[in-house]
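Data from final_25.txt: compact mmCIF, C-alpha atoms (C1' of nucleotides)
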```txt
# COMPACT_ATOMS: atom_id res chain seq x y z
CA MET S 1 -8.43 23.92 -0.42
CA THR S 2 -5.84 21.33 -1.32
CA THR S 3 -5.29 20.59 2.34
CA GLN S 4 -3.20 17.53 1.88
CA ARG S 5 -4.08 14.97 4.43
CA PRO S 6 -2.37 11.66 3.79
CA PRO S 7 -4.59 9.54 1.56
CA LEU S 8 -7.12 7.10 2.91
CA SER S 9 -6.20 3.47 2.68
CA ARG S 10 -8.83 0.87 1.76
CA ALA S 11 -9.51 -0.26 5.28
CA GLU S 12 -9.51 3.30 6.56
CA LEU S 13 -12.08 4.33 4.00
CA GLU S 14 -14.23 1.42 5.00
CA MET S 15 -14.20 2.58 8.60
CA ALA S 16 -14.61 6.24 7.78
CA ARG S 17 -17.73 5.56 5.76
CA ILE S 18 -19.34 3.93 8.75
CA VAL S 19 -18.56 6.89 10.95
CA TRP S 20 -19.90 9.24 8.28
CA ASP S 21 -23.07 7.20 8.08
CA LEU S 22 -23.65 7.26 11.78
CA GLY S 23 -22.63 10.86 12.18
CA GLU S 24 -20.46 9.87 15.10
CA ALA S 25 -19.46 6.56 16.56
CA THR S 26 -17.41 4.71 19.11
CA VAL S 27 -15.06 1.93 18.16
CA ARG S 28 -17.63 -0.59 19.27
CA GLN S 29 -20.34 0.94 17.11
CA VAL S 30 -18.16 0.85 14.05
CA PHE S 31 -17.14 -2.67 14.91
CA GLU S 32 -20.77 -3.74 15.08
CA ARG S 33 -21.72 -2.23 11.74
CA LEU S 34 -19.14 -4.26 9.92
CA PRO S 35 -20.63 -6.94 7.72
CA ALA S 36 -20.64 -10.33 9.38
CA GLU S 37 -18.18 -11.84 6.95
CA ARG S 38 -15.63 -9.16 7.75
CA GLU S 39 -14.11 -10.80 10.76
CA LEU S 40 -11.91 -8.10 12.15
CA ASP S 41 -10.74 -7.91 15.70
CA PHE S 42 -12.10 -5.11 17.82
CA LYS S 43 -8.56 -3.92 18.40
CA THR S 44 -7.96 -3.75 14.69
CA VAL S 45 -10.90 -1.44 14.21
CA GLN S 46 -9.54 0.60 17.06
CA THR S 47 -6.23 0.89 15.27
CA TYR S 48 -7.85 2.07 12.06
CA LEU S 49 -9.86 4.74 13.82
CA ARG S 50 -6.80 5.91 15.67
CA ARG S 51 -5.02 6.25 12.35
CA LEU S 52 -7.92 8.15 10.86
CA GLU S 53 -7.62 10.63 13.65
CA ALA S 54 -3.87 10.90 13.18
CA LYS S 55 -4.39 11.57 9.51
CA GLY S 56 -6.79 14.34 10.24
CA TYR S 57 -9.99 12.80 8.93
CA LEU S 58 -11.68 12.30 12.29
CA ARG S 59 -11.67 14.07 15.60
CA THR S 60 -12.59 12.62 18.98
CA HIS S 61 -13.84 13.53 22.34
CA ARG S 62 -14.10 11.33 25.32
CA GLU S 63 -17.46 10.23 26.61
CA GLY S 64 -17.16 8.20 29.78
CA ARG S 65 -14.90 5.22 29.20
CA SER S 66 -15.02 5.52 25.40
CA LYS S 67 -13.96 7.87 22.72
CA VAL S 68 -16.43 9.14 20.22
CA TYR S 69 -15.18 9.66 16.71
CA ARG S 70 -16.68 12.07 14.25
CA PRO S 71 -15.74 13.70 10.97
CA ARG S 72 -13.20 16.44 11.05
CA VAL S 73 -13.47 17.17 7.33
CA GLN S 74 -16.75 17.01 5.48
CA PRO S 75 -17.36 13.53 4.09
CA ASP S 76 -18.53 15.09 0.85
CA GLN S 77 -15.25 16.81 0.41
CA VAL S 78 -13.26 13.68 1.02
CA VAL S 79 -15.42 11.79 -1.43
CA ARG S 80 -15.01 14.46 -4.06
CA GLU S 81 -11.27 14.51 -3.64
CA THR S 82 -11.12 10.76 -3.82
CA VAL S 83 -13.27 10.58 -6.92
CA SER S 84 -11.34 13.35 -8.54
CA ASP S 85 -8.03 11.69 -7.95
CA PHE S 86 -9.37 8.43 -9.27
CA VAL S 87 -10.75 9.91 -12.47
CA ASP S 88 -7.49 11.69 -13.08
CA ARG S 89 -5.44 8.59 -12.68
CA LEU S 90 -7.59 6.34 -14.80
CA PHE S 91 -9.23 8.63 -17.35
CA ASP S 92 -7.13 11.77 -17.44
CA GLY S 93 -9.98 13.52 -15.75
CA GLU S 94 -12.53 12.79 -18.41
CA LEU S 95 -15.99 12.03 -17.24
CA LEU S 96 -17.54 10.31 -20.20
CA PRO S 97 -15.26 7.33 -20.59
CA LEU S 98 -15.77 6.62 -16.93
CA VAL S 99 -19.52 6.62 -17.17
CA GLN S 100 -19.30 4.46 -20.21
CA HIS S 101 -17.25 1.88 -18.42
CA LEU S 102 -19.61 2.01 -15.49
CA VAL S 103 -22.70 1.17 -17.43
CA GLU S 104 -20.95 -1.36 -19.59
CA ASP S 105 -19.69 -3.20 -16.60
CA ARG S 106 -22.67 -3.33 -14.35
CA GLY S 107 -25.44 -2.30 -16.63
CA ILE S 108 -27.94 0.32 -15.77
CA GLU S 109 -31.57 0.09 -14.75
CA GLU S 110 -34.20 1.98 -16.64
CA ASP S 111 -34.91 3.61 -13.38
CA GLU S 112 -31.38 4.93 -13.21
CA ILE S 113 -31.54 6.06 -16.79
CA ARG S 114 -34.53 8.17 -15.90
CA GLN S 115 -32.80 9.64 -12.90
CA LEU S 116 -29.71 10.39 -14.90
CA ARG S 117 -31.83 12.20 -17.46
CA ALA S 118 -33.34 14.25 -14.71
CA LEU S 119 -29.90 15.13 -13.45
CA LEU S 120 -28.88 16.23 -16.92
CA ASP S 121 -31.98 18.37 -17.24
CA ARG S 122 -31.16 20.08 -14.02
CA LEU S 123 -27.60 20.73 -15.10
CA GLU S 124 -28.68 22.09 -18.42
CA ALA S 125 -31.07 24.43 -16.72
CA GLU S 126 -28.19 25.74 -14.67
CA HIS S 127 -26.20 26.35 -17.79
CA GLU S 128 -29.15 28.22 -19.28
CA SER S 129 -29.52 30.50 -16.35
CA ARG S 130 -25.82 31.17 -16.16
CA ARG S 131 -25.74 32.16 -19.77
CA GLN S 132 -28.63 34.56 -19.88
CA MET N 1 -14.08 -14.27 -14.56
CA THR N 2 -13.00 -13.05 -11.17
CA THR N 3 -9.43 -13.94 -12.03
CA GLN N 4 -7.82 -12.30 -9.09
CA ARG N 5 -4.57 -10.75 -10.05
CA PRO N 6 -3.08 -8.68 -7.24
CA PRO N 7 -4.34 -5.11 -7.49
CA LEU N 8 -2.52 -2.42 -9.41
CA SER N 9 -0.71 0.13 -7.34
CA ARG N 10 -0.75 3.80 -8.32
CA ALA N 11 2.62 3.78 -10.00
CA GLU N 12 1.92 0.49 -11.68
CA LEU N 13 -1.31 1.81 -13.14
CA GLU N 14 0.54 4.83 -14.43
CA MET N 15 2.99 2.60 -16.27
CA ALA N 16 0.37 0.15 -17.47
CA ARG N 17 -1.64 2.93 -19.06
CA ILE N 18 1.35 3.94 -21.12
CA VAL N 19 1.87 0.42 -22.34
CA TRP N 20 -1.84 0.15 -23.15
CA ASP N 21 -1.65 3.36 -25.07
CA LEU N 22 1.30 2.28 -27.13
CA GLY N 23 0.04 -1.23 -27.60
CA GLU N 24 3.44 -2.56 -26.66
CA ALA N 25 6.56 -0.92 -25.34
CA THR N 26 10.06 -1.34 -24.06
CA VAL N 27 11.17 0.07 -20.75
CA ARG N 28 12.81 2.93 -22.56
CA GLN N 29 9.67 3.81 -24.48
CA VAL N 30 7.60 3.93 -21.32
CA PHE N 31 10.31 5.93 -19.65
CA GLU N 32 10.23 8.46 -22.45
CA ARG N 33 6.46 8.93 -22.35
CA LEU N 34 6.50 9.96 -18.75
CA PRO N 35 5.68 13.61 -18.23
CA ALA N 36 8.77 15.73 -17.81
CA GLU N 37 8.02 16.63 -14.22
CA ARG N 38 7.91 12.96 -13.28
CA GLU N 39 11.57 12.46 -12.67
CA LEU N 40 11.83 8.75 -12.28
CA ASP N 41 14.96 6.76 -12.82
CA PHE N 42 15.04 4.42 -15.78
CA LYS N 43 15.69 1.56 -13.40
CA THR N 44 12.62 2.43 -11.42
CA VAL N 45 10.43 2.18 -14.47
CA GLN N 46 12.08 -1.13 -15.18
CA THR N 47 11.12 -2.34 -11.73
CA TYR N 48 7.50 -1.34 -12.19
CA LEU N 49 7.21 -3.14 -15.48
CA ARG N 50 8.82 -6.22 -14.00
CA ARG N 51 6.25 -6.14 -11.23
CA LEU N 52 3.43 -5.72 -13.70
CA GLU N 53 4.56 -8.85 -15.40
CA ALA N 54 4.84 -10.70 -12.12
CA LYS N 55 1.31 -9.67 -11.25
CA GLY N 56 0.04 -10.99 -14.51
CA TYR N 57 -0.96 -7.75 -16.20
CA LEU N 58 1.74 -7.73 -18.85
CA ARG N 59 3.65 -10.34 -20.78
CA THR N 60 7.00 -9.95 -22.50
CA HIS N 61 9.08 -11.28 -25.26
CA ARG N 62 12.64 -10.47 -26.00
CA GLU N 63 13.57 -8.43 -29.02
CA GLY N 64 17.31 -8.10 -29.42
CA ARG N 65 18.80 -6.63 -26.29
CA SER N 66 15.46 -5.44 -24.91
CA LYS N 67 12.22 -6.86 -23.66
CA VAL N 68 8.97 -5.74 -25.15
CA TYR N 69 6.04 -5.52 -22.78
CA ARG N 70 2.45 -5.83 -23.84
CA PRO N 71 -0.91 -6.41 -22.21
CA ARG N 72 -1.69 -9.88 -20.99
CA VAL N 73 -5.24 -9.01 -19.93
CA GLN N 74 -7.40 -6.64 -21.91
CA PRO N 75 -6.93 -3.07 -20.71
CA ASP N 76 -10.67 -2.60 -20.87
CA GLN N 77 -11.21 -5.43 -18.50
CA VAL N 78 -8.68 -4.10 -16.03
CA VAL N 79 -10.27 -0.69 -16.19
CA ARG N 80 -13.72 -2.12 -15.64
CA GLU N 81 -12.56 -4.13 -12.67
CA THR N 82 -10.82 -1.13 -11.22
CA VAL N 83 -13.81 1.11 -11.67
CA SER N 84 -16.10 -1.51 -10.29
CA ASP N 85 -14.04 -1.99 -7.19
CA PHE N 86 -13.86 1.74 -6.68
CA VAL N 87 -17.58 2.28 -6.98
CA ASP N 88 -18.22 -0.55 -4.58
CA ARG N 89 -15.90 0.82 -1.99
CA LEU N 90 -17.08 4.39 -2.15
CA PHE N 91 -20.71 4.20 -3.24
CA ASP N 92 -21.85 0.66 -2.47
CA GLY N 93 -21.90 0.07 -6.17
CA GLU N 94 -24.41 2.77 -6.95
CA LEU N 95 -23.84 4.67 -10.10
CA LEU N 96 -25.85 7.79 -9.56
CA PRO N 97 -24.20 9.25 -6.50
CA LEU N 98 -20.89 8.87 -8.23
CA VAL N 99 -21.98 10.74 -11.30
CA GLN N 100 -23.46 13.40 -9.11
CA HIS N 101 -20.21 13.90 -7.28
CA LEU N 102 -18.36 13.98 -10.54
CA VAL N 103 -20.34 16.78 -12.05
CA GLU N 104 -20.51 18.71 -8.83
CA ASP N 105 -16.81 18.57 -8.43
CA ARG N 106 -15.56 19.34 -11.87
CA GLY N 107 -18.62 20.56 -13.64
CA ILE N 108 -19.77 19.35 -16.96
CA GLU N 109 -19.70 20.93 -20.38
CA GLU N 110 -22.84 21.22 -22.45
CA ASP N 111 -21.02 19.18 -24.94
CA GLU N 112 -20.64 16.38 -22.44
CA ILE N 113 -24.26 16.71 -21.44
CA ARG N 114 -25.22 16.09 -25.01
CA GLN N 115 -22.97 13.10 -25.30
CA LEU N 116 -24.30 11.66 -22.10
CA ARG N 117 -27.83 12.04 -23.40
CA ALA N 118 -26.84 10.18 -26.50
CA LEU N 119 -25.37 7.43 -24.40
CA LEU N 120 -28.58 7.17 -22.43
CA ASP N 121 -30.61 6.98 -25.62
CA ARG N 122 -28.49 4.15 -26.83
CA LEU N 123 -28.85 2.28 -23.58
CA GLU N 124 -32.57 2.74 -23.52
CA ALA N 125 -32.83 1.42 -27.04
CA GLU N 126 -31.01 -1.67 -25.88
CA HIS N 127 -33.45 -2.11 -23.07
CA GLU N 128 -36.30 -1.78 -25.53
CA SER N 129 -34.96 -4.40 -27.83
CA ARG N 130 -34.22 -6.75 -24.98
CA ARG N 131 -37.74 -6.46 -23.72
CA GLN N 132 -39.65 -7.04 -26.91
C1' DT X 1 -14.92 -4.12 47.83
C1' DA X 2 -12.98 -7.36 44.65
C1' DC X 3 -13.23 -8.77 40.09
C1' DA X 4 -14.33 -9.42 35.17
C1' DA X 5 -14.93 -6.95 31.17
C1' DT X 6 -14.18 -3.20 28.15
C1' DG X 7 -11.54 0.36 26.10
C1' DG X 8 -7.13 3.18 25.44
C1' DC X 9 -2.51 3.20 24.18
C1' DG X 10 1.65 1.60 22.56
C1' DT X 11 3.87 -1.90 19.86
C1' DT X 12 4.60 -5.59 16.62
C1' DC X 13 4.99 -8.01 12.29
C1' DG X 14 5.02 -9.37 7.62
C1' DC X 15 3.74 -7.63 3.10
C1' DT X 16 3.42 -4.09 -0.45
C1' DT X 17 5.01 0.01 -2.68
C1' DG X 18 7.88 3.79 -4.30
C1' DT X 19 12.23 4.43 -5.59
C1' DA X 20 16.80 3.25 -6.66
C1' DC X 21 21.49 0.93 -7.05
C1' DG X 22 25.19 -2.67 -8.32
C1' DT X 23 26.50 -6.46 -11.05
C1' DT X 24 26.22 -9.13 -15.09
C1' DT X 25 25.37 -9.73 -20.03
C1' DA X 26 24.60 -9.04 -24.81
C1' DG X 27 25.30 -6.06 -29.01
C1' DG X 28 26.82 -2.62 -31.84
C1' DT X 29 31.09 0.19 -33.27
C1' DG X 30 36.02 1.62 -33.91
C1' DC F 1 38.41 -8.44 -31.80
C1' DA F 2 38.21 -5.26 -27.82
C1' DC F 3 35.45 -2.21 -25.74
C1' DC F 4 31.63 0.61 -24.38
C1' DT F 5 26.88 1.14 -23.59
C1' DA F 6 22.30 -0.10 -22.66
C1' DA F 7 19.43 -3.41 -20.77
C1' DA F 8 18.35 -7.38 -17.61
C1' DC F 9 18.33 -9.15 -13.16
C1' DG F 10 18.64 -9.28 -8.50
C1' DT F 11 18.68 -6.68 -4.35
C1' DA F 12 17.78 -2.97 -1.01
C1' DC F 13 15.41 -0.06 1.99
C1' DA F 14 12.23 3.05 4.16
C1' DA F 15 7.41 4.09 4.55
C1' DG F 16 2.68 2.59 4.47
C1' DC F 17 -0.73 -0.76 5.51
C1' DG F 18 -3.57 -4.75 7.18
C1' DA F 19 -4.11 -7.03 11.12
C1' DA F 20 -3.55 -8.02 15.86
C1' DC F 21 -1.59 -8.43 20.77
C1' DG F 22 -0.36 -7.04 25.69
C1' DC F 23 -0.62 -4.09 29.40
C1' DC F 24 -2.89 -0.75 31.97
C1' DA F 25 -6.87 1.99 33.54
C1' DT F 26 -11.65 2.46 34.31
C1' DT F 27 -16.10 0.87 35.50
C1' DG F 28 -20.22 -1.67 36.25
C1' DT F 29 -21.64 -5.61 38.94
C1' DA F 30 -21.43 -9.76 42.28
```

structure tokens encoding of this file:
Amino acid sequence: MTTQRPPLSRAELEMARIVWDLGEATVRQVFERLPAERELDFKTVQTYLRRLEAKGYLRTHREGRSKVYRPRVQPDQVVRETVSDFVDRLFDGELLPLVQHLVEDRGIEEDEIRQLRALLDRLEAEHESRRQ
Amino acid sequence: MTTQRPPLSRAELEMARIVWDLGEATVRQVFERLPAERELDFKTVQTYLRRLEAKGYLRTHREGRSKVYRPRVQPDQVVRETVSDFVDRLFDGELLPLVQHLVEDRGIEEDEIRQLRALLDRLEAEHESRRQ
DNA sequence: TACAATGGCGTTCGCTTGTACGTTTAGGTG
DNA sequence: CACCTAAACGTACAAGCGAACGCCATTGTA
């Protein structure tokens, strides 16, 4: 469970998210999804993807001239691990202070408030059923 | 507002949080608050604090033989910036998916559910008052 | 078939980070 | 006052990271 891959660096995470989004991708595809203002060299993107493979986050197979990268570990799991580590380091693992900071910083739409309520309802229901 | 100090590294954040907690602290005091299993050299802690000052997060004044470090920017602000950056990088700035991951990963106590509800109530009240 | 373009692979390079050490200095204590 | 200790200050060094280049192989096209 605590399969320790080396951590994702900023740039690596940026690339990985694109691959996760696309399901699978070549270097060129990732390169093209980068926002216009992010003026990276094609070779640089190539380097990052190579490193992601070396770190165990992506796997590849060849398809003609190119390599196709795709997730080797579930994106969800990586995200959870990343979030978890972050919350530990900044809030000793406590959820509430984090949420508080979140909404204070960027505010929250009424829409999101509603959705959050719904999420809480669902969670409470789970608690109910577990208890009975 | 976007006063760009260089980002905090992991170890630096760890030290900074101790200083924030204590309000102000000497190297020795920070050193002593480290968890037992964290076997850092005194000199290492010294280096981290020096770097925190160089990066603009802490300021110092001398007190006898020692320097006393204390926050130069509000801890809250640093935390908000850090959280904000994190959410941007991992969730495109969206709050909900993050909260979802949080509760999925580490669960949530009924207690916390209640507190979250209270927080939402408060926020909604603010929205109300802003609208009228 | 010859060639331009594209991609793979290996390598580079300067900066940051984690961690620590050696030398110098200032203060308290016998 | 002489000395010891604790702290400052500068320095080091390997690993990680952001970013890119050069050379070689493959391949589609003139």

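Every chain F residue lying within 7 Å of chain S, based on all atoms listed in the file, is listed here: DA19, DA20 and DT26 of chain F.
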
The coordinates of chain S, once least-squares superposed on chain N over all sequentially paired C-alpha atoms, should be supplied as a short mmCIF file (atom, residue, chain, number, x, y, z; two decimals) with C-alpha atoms, keeping the file's coordinate frame.
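Output below, filename superposed_17.cif:
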```cif
data_model
loop_
_atom_site.label_atom_id
_atom_site.label_comp_id
_atom_site.auth_asym_id
_atom_site.auth_seq_id
_atom_site.Cartn_x
_atom_site.Cartn_y
_atom_site.Cartn_z
CA MET S 1 -13.83 -14.37 -14.51
CA THR S 2 -12.73 -13.21 -11.10
CA THR S 3 -9.17 -14.13 -11.92
CA GLN S 4 -7.58 -12.49 -8.96
CA ARG S 5 -4.37 -10.88 -9.94
CA PRO S 6 -2.90 -8.80 -7.15
CA PRO S 7 -4.24 -5.26 -7.42
CA LEU S 8 -2.47 -2.54 -9.34
CA SER S 9 -0.68 0.03 -7.29
CA ARG S 10 -0.77 3.71 -8.30
CA ALA S 11 2.59 3.74 -9.98
CA GLU S 12 1.92 0.42 -11.66
CA LEU S 13 -1.32 1.69 -13.11
CA GLU S 14 0.47 4.73 -14.41
CA MET S 15 2.93 2.54 -16.26
CA ALA S 16 0.35 0.06 -17.46
CA ARG S 17 -1.72 2.79 -19.04
CA ILE S 18 1.23 3.85 -21.13
CA VAL S 19 1.81 0.33 -22.34
CA TRP S 20 -1.90 -0.02 -23.13
CA ASP S 21 -1.78 3.22 -25.07
CA LEU S 22 1.17 2.17 -27.13
CA GLY S 23 -0.03 -1.36 -27.60
CA GLU S 24 3.40 -2.60 -26.65
CA ALA S 25 6.48 -0.90 -25.34
CA THR S 26 10.00 -1.26 -24.06
CA VAL S 27 11.10 0.19 -20.77
CA ARG S 28 12.69 3.07 -22.60
CA GLN S 29 9.51 3.87 -24.50
CA VAL S 30 7.47 3.95 -21.34
CA PHE S 31 10.15 6.02 -19.69
CA GLU S 32 10.00 8.56 -22.50
CA ARG S 33 6.23 8.94 -22.40
CA LEU S 34 6.28 9.97 -18.79
CA PRO S 35 5.41 13.61 -18.27
CA ALA S 36 8.47 15.78 -17.88
CA GLU S 37 7.72 16.67 -14.28
CA ARG S 38 7.66 13.01 -13.32
CA GLU S 39 11.34 12.57 -12.75
CA LEU S 40 11.68 8.86 -12.34
CA ASP S 41 14.84 6.93 -12.89
CA PHE S 42 14.94 4.59 -15.84
CA LYS S 43 15.64 1.73 -13.46
CA THR S 44 12.57 2.58 -11.46
CA VAL S 45 10.37 2.29 -14.50
CA GLN S 46 12.07 -0.99 -15.20
CA THR S 47 11.17 -2.19 -11.73
CA TYR S 48 7.53 -1.27 -12.15
CA LEU S 49 7.24 -3.07 -15.46
CA ARG S 50 8.92 -6.12 -14.01
CA ARG S 51 6.36 -6.10 -11.22
CA LEU S 52 3.52 -5.74 -13.68
CA GLU S 53 4.71 -8.85 -15.39
CA ALA S 54 5.03 -10.70 -12.10
CA LYS S 55 1.50 -9.73 -11.23
CA GLY S 56 0.21 -11.07 -14.47
CA TYR S 57 -0.86 -7.85 -16.14
CA LEU S 58 1.83 -7.79 -18.81
CA ARG S 59 3.75 -10.37 -20.76
CA THR S 60 7.10 -9.92 -22.48
CA HIS S 61 9.19 -11.21 -25.24
CA ARG S 62 12.72 -10.33 -25.99
CA GLU S 63 13.59 -8.28 -29.02
CA GLY S 64 17.32 -7.87 -29.44
CA ARG S 65 18.81 -6.34 -26.31
CA SER S 66 15.44 -5.22 -24.92
CA LYS S 67 12.27 -6.71 -23.67
CA VAL S 68 8.98 -5.70 -25.13
CA TYR S 69 6.06 -5.51 -22.77
CA ARG S 70 2.46 -5.89 -23.80
CA PRO S 71 -0.88 -6.53 -22.16
CA ARG S 72 -1.59 -9.99 -20.93
CA VAL S 73 -5.14 -9.17 -19.84
CA GLN S 74 -7.36 -6.84 -21.80
CA PRO S 75 -6.95 -3.26 -20.61
CA ASP S 76 -10.71 -2.85 -20.76
CA GLN S 77 -11.18 -5.65 -18.35
CA VAL S 78 -8.68 -4.28 -15.90
CA VAL S 79 -10.31 -0.88 -16.10
CA ARG S 80 -13.74 -2.33 -15.52
CA GLU S 81 -12.56 -4.30 -12.53
CA THR S 82 -10.84 -1.28 -11.12
CA VAL S 83 -13.84 0.96 -11.59
CA SER S 84 -16.13 -1.64 -10.17
CA ASP S 85 -14.07 -2.09 -7.07
CA PHE S 86 -13.88 1.64 -6.60
CA VAL S 87 -17.61 2.21 -6.92
CA ASP S 88 -18.26 -0.58 -4.47
CA ARG S 89 -15.94 0.81 -1.89
CA LEU S 90 -17.11 4.39 -2.11
CA PHE S 91 -20.75 4.19 -3.18
CA ASP S 92 -21.89 0.68 -2.37
CA GLY S 93 -21.97 0.05 -6.06
CA GLU S 94 -24.43 2.77 -6.88
CA LEU S 95 -23.85 4.63 -10.06
CA LEU S 96 -25.85 7.78 -9.59
CA PRO S 97 -24.20 9.24 -6.52
CA LEU S 98 -20.89 8.80 -8.25
CA VAL S 99 -21.94 10.67 -11.34
CA GLN S 100 -23.38 13.36 -9.18
CA HIS S 101 -20.15 13.85 -7.35
CA LEU S 102 -18.28 13.86 -10.62
CA VAL S 103 -20.20 16.68 -12.16
CA GLU S 104 -20.38 18.64 -8.96
CA ASP S 105 -16.67 18.50 -8.54
CA ARG S 106 -15.39 19.25 -11.97
CA GLY S 107 -18.44 20.52 -13.70
CA ILE S 108 -19.57 19.30 -17.03
CA GLU S 109 -19.42 20.87 -20.46
CA GLU S 110 -22.53 21.25 -22.52
CA ASP S 111 -20.75 19.15 -25.01
CA GLU S 112 -20.45 16.34 -22.51
CA ILE S 113 -24.06 16.73 -21.52
CA ARG S 114 -25.02 16.15 -25.11
CA GLN S 115 -22.83 13.10 -25.37
CA LEU S 116 -24.18 11.71 -22.16
CA ARG S 117 -27.70 12.13 -23.48
CA ALA S 118 -26.74 10.25 -26.57
CA LEU S 119 -25.33 7.46 -24.46
CA LEU S 120 -28.56 7.28 -22.50
CA ASP S 121 -30.58 7.14 -25.69
CA ARG S 122 -28.53 4.26 -26.90
CA LEU S 123 -28.95 2.41 -23.63
CA GLU S 124 -32.65 2.96 -23.60
CA ALA S 125 -32.91 1.63 -27.10
CA GLU S 126 -31.18 -1.51 -25.94
CA HIS S 127 -33.66 -1.88 -23.14
CA GLU S 128 -36.49 -1.47 -25.63
CA SER S 129 -35.23 -4.15 -27.91
CA ARG S 130 -34.57 -6.52 -25.06
CA ARG S 131 -38.07 -6.12 -23.81
CA GLN S 132 -39.99 -6.64 -26.99
#
```

Using all atoms listed in the file, find which residues of chain X lie within 10 Å of chain N and jot them down as an MDAnalysis selection string. chainID X and resid 16:21 25:27

Per residue of chain N within 10 Å of chain S, record the nearest atom pair and its distance in Å to one decimal, counting only C-alpha atoms, with rows in chain order and ascending residue number, as JSON lines.
```
{"residue": "N:Arg10", "atom": "CA", "partner": "S:Arg89", "partner_atom": "CA", "distance": 8.0}
{"residue": "N:Ala11", "atom": "CA", "partner": "S:Arg89", "partner_atom": "CA", "distance": 9.8}
{"residue": "N:Leu13", "atom": "CA", "partner": "S:Leu90", "partner_atom": "CA", "distance": 7.9}
{"residue": "N:Glu14", "atom": "CA", "partner": "S:Arg89", "partner_atom": "CA", "distance": 7.3}
{"residue": "N:Arg17", "atom": "CA", "partner": "S:Leu90", "partner_atom": "CA", "distance": 8.1}
{"residue": "N:Asp76", "atom": "CA", "partner": "S:His101", "partner_atom": "CA", "distance": 8.3}
{"residue": "N:Gln77", "atom": "CA", "partner": "S:Asp105", "partner_atom": "CA", "distance": 9.0}
{"residue": "N:Val79", "atom": "CA", "partner": "S:Leu90", "partner_atom": "CA", "distance": 7.7}
{"residue": "N:Arg80", "atom": "CA", "partner": "S:His101", "partner_atom": "CA", "distance": 6.0}
{"residue": "N:Glu81", "atom": "CA", "partner": "S:Asp105", "partner_atom": "CA", "distance": 8.2}
{"residue": "N:Thr82", "atom": "CA", "partner": "S:Leu90", "partner_atom": "CA", "distance": 8.9}
{"residue": "N:Val83", "atom": "CA", "partner": "S:Leu102", "partner_atom": "CA", "distance": 7.0}
{"residue": "N:Ser84", "atom": "CA", "partner": "S:Leu102", "partner_atom": "CA", "distance": 7.2}
{"residue": "N:Phe86", "atom": "CA", "partner": "S:Phe86", "partner_atom": "CA", "distance": 8.5}
{"residue": "N:Val87", "atom": "CA", "partner": "S:Leu102", "partner_atom": "CA", "distance": 8.8}
{"residue": "N:Arg89", "atom": "CA", "partner": "S:Glu14", "partner_atom": "CA", "distance": 7.2}
{"residue": "N:Leu90", "atom": "CA", "partner": "S:Val79", "partner_atom": "CA", "distance": 7.6}
{"residue": "N:Phe91", "atom": "CA", "partner": "S:Val79", "partner_atom": "CA", "distance": 9.4}
{"residue": "N:Gly93", "atom": "CA", "partner": "S:Arg106", "partner_atom": "CA", "distance": 8.9}
{"residue": "N:Glu94", "atom": "CA", "partner": "S:Glu112", "partner_atom": "CA", "distance": 9.6}
{"residue": "N:Leu95", "atom": "CA", "partner": "S:Leu102", "partner_atom": "CA", "distance": 7.3}
{"residue": "N:Leu96", "atom": "CA", "partner": "S:Leu116", "partner_atom": "CA", "distance": 7.1}
{"residue": "N:Leu98", "atom": "CA", "partner": "S:Val83", "partner_atom": "CA", "distance": 7.9}
{"residue": "N:Val99", "atom": "CA", "partner": "S:Val99", "partner_atom": "CA", "distance": 7.6}
{"residue": "N:Gln100", "atom": "CA", "partner": "S:Leu119", "partner_atom": "CA", "distance": 8.0}
{"residue": "N:His101", "atom": "CA", "partner": "S:Arg80", "partner_atom": "CA", "distance": 6.1}
{"residue": "N:Leu102", "atom": "CA", "partner": "S:Val83", "partner_atom": "CA", "distance": 7.1}
{"residue": "N:Val103", "atom": "CA", "partner": "S:Leu95", "partner_atom": "CA", "distance": 8.3}
{"residue": "N:Glu104", "atom": "CA", "partner": "S:Arg80", "partner_atom": "CA", "distance": 8.4}
{"residue": "N:Asp105", "atom": "CA", "partner": "S:Arg80", "partner_atom": "CA", "distance": 6.3}
{"residue": "N:Arg106", "atom": "CA", "partner": "S:Ser84", "partner_atom": "CA", "distance": 8.0}
{"residue": "N:Gly107", "atom": "CA", "partner": "S:Leu123", "partner_atom": "CA", "distance": 9.1}
{"residue": "N:Ile108", "atom": "CA", "partner": "S:Leu123", "partner_atom": "CA", "distance": 8.2}
{"residue": "N:Glu109", "atom": "CA", "partner": "S:His127", "partner_atom": "CA", "distance": 8.9}
{"residue": "N:Glu110", "atom": "CA", "partner": "S:Glu124", "partner_atom": "CA", "distance": 7.1}
{"residue": "N:Glu112", "atom": "CA", "partner": "S:Leu96", "partner_atom": "CA", "distance": 7.2}
{"residue": "N:Ile113", "atom": "CA", "partner": "S:Leu120", "partner_atom": "CA", "distance": 6.5}
{"residue": "N:Arg114", "atom": "CA", "partner": "S:Leu120", "partner_atom": "CA", "distance": 8.9}
{"residue": "N:Gln115", "atom": "CA", "partner": "S:Leu96", "partner_atom": "CA", "distance": 8.0}
{"residue": "N:Leu116", "atom": "CA", "partner": "S:Leu96", "partner_atom": "CA", "distance": 7.2}
{"residue": "N:Arg117", "atom": "CA", "partner": "S:Arg117", "partner_atom": "CA", "distance": 7.2}
{"residue": "N:Leu119", "atom": "CA", "partner": "S:Gln100", "partner_atom": "CA", "distance": 8.0}
{"residue": "N:Leu120", "atom": "CA", "partner": "S:Ile113", "partner_atom": "CA", "distance": 6.5}
{"residue": "N:Asp121", "atom": "CA", "partner": "S:Ile113", "partner_atom": "CA", "distance": 8.9}
{"residue": "N:Leu123", "atom": "CA", "partner": "S:Ile108", "partner_atom": "CA", "distance": 8.1}
{"residue": "N:Glu124", "atom": "CA", "partner": "S:Glu110", "partner_atom": "CA", "distance": 7.1}
{"residue": "N:His127", "atom": "CA", "partner": "S:Glu110", "partner_atom": "CA", "distance": 7.7}
{"residue": "N:Glu128", "atom": "CA", "partner": "S:Glu110", "partner_atom": "CA", "distance": 9.9}
```
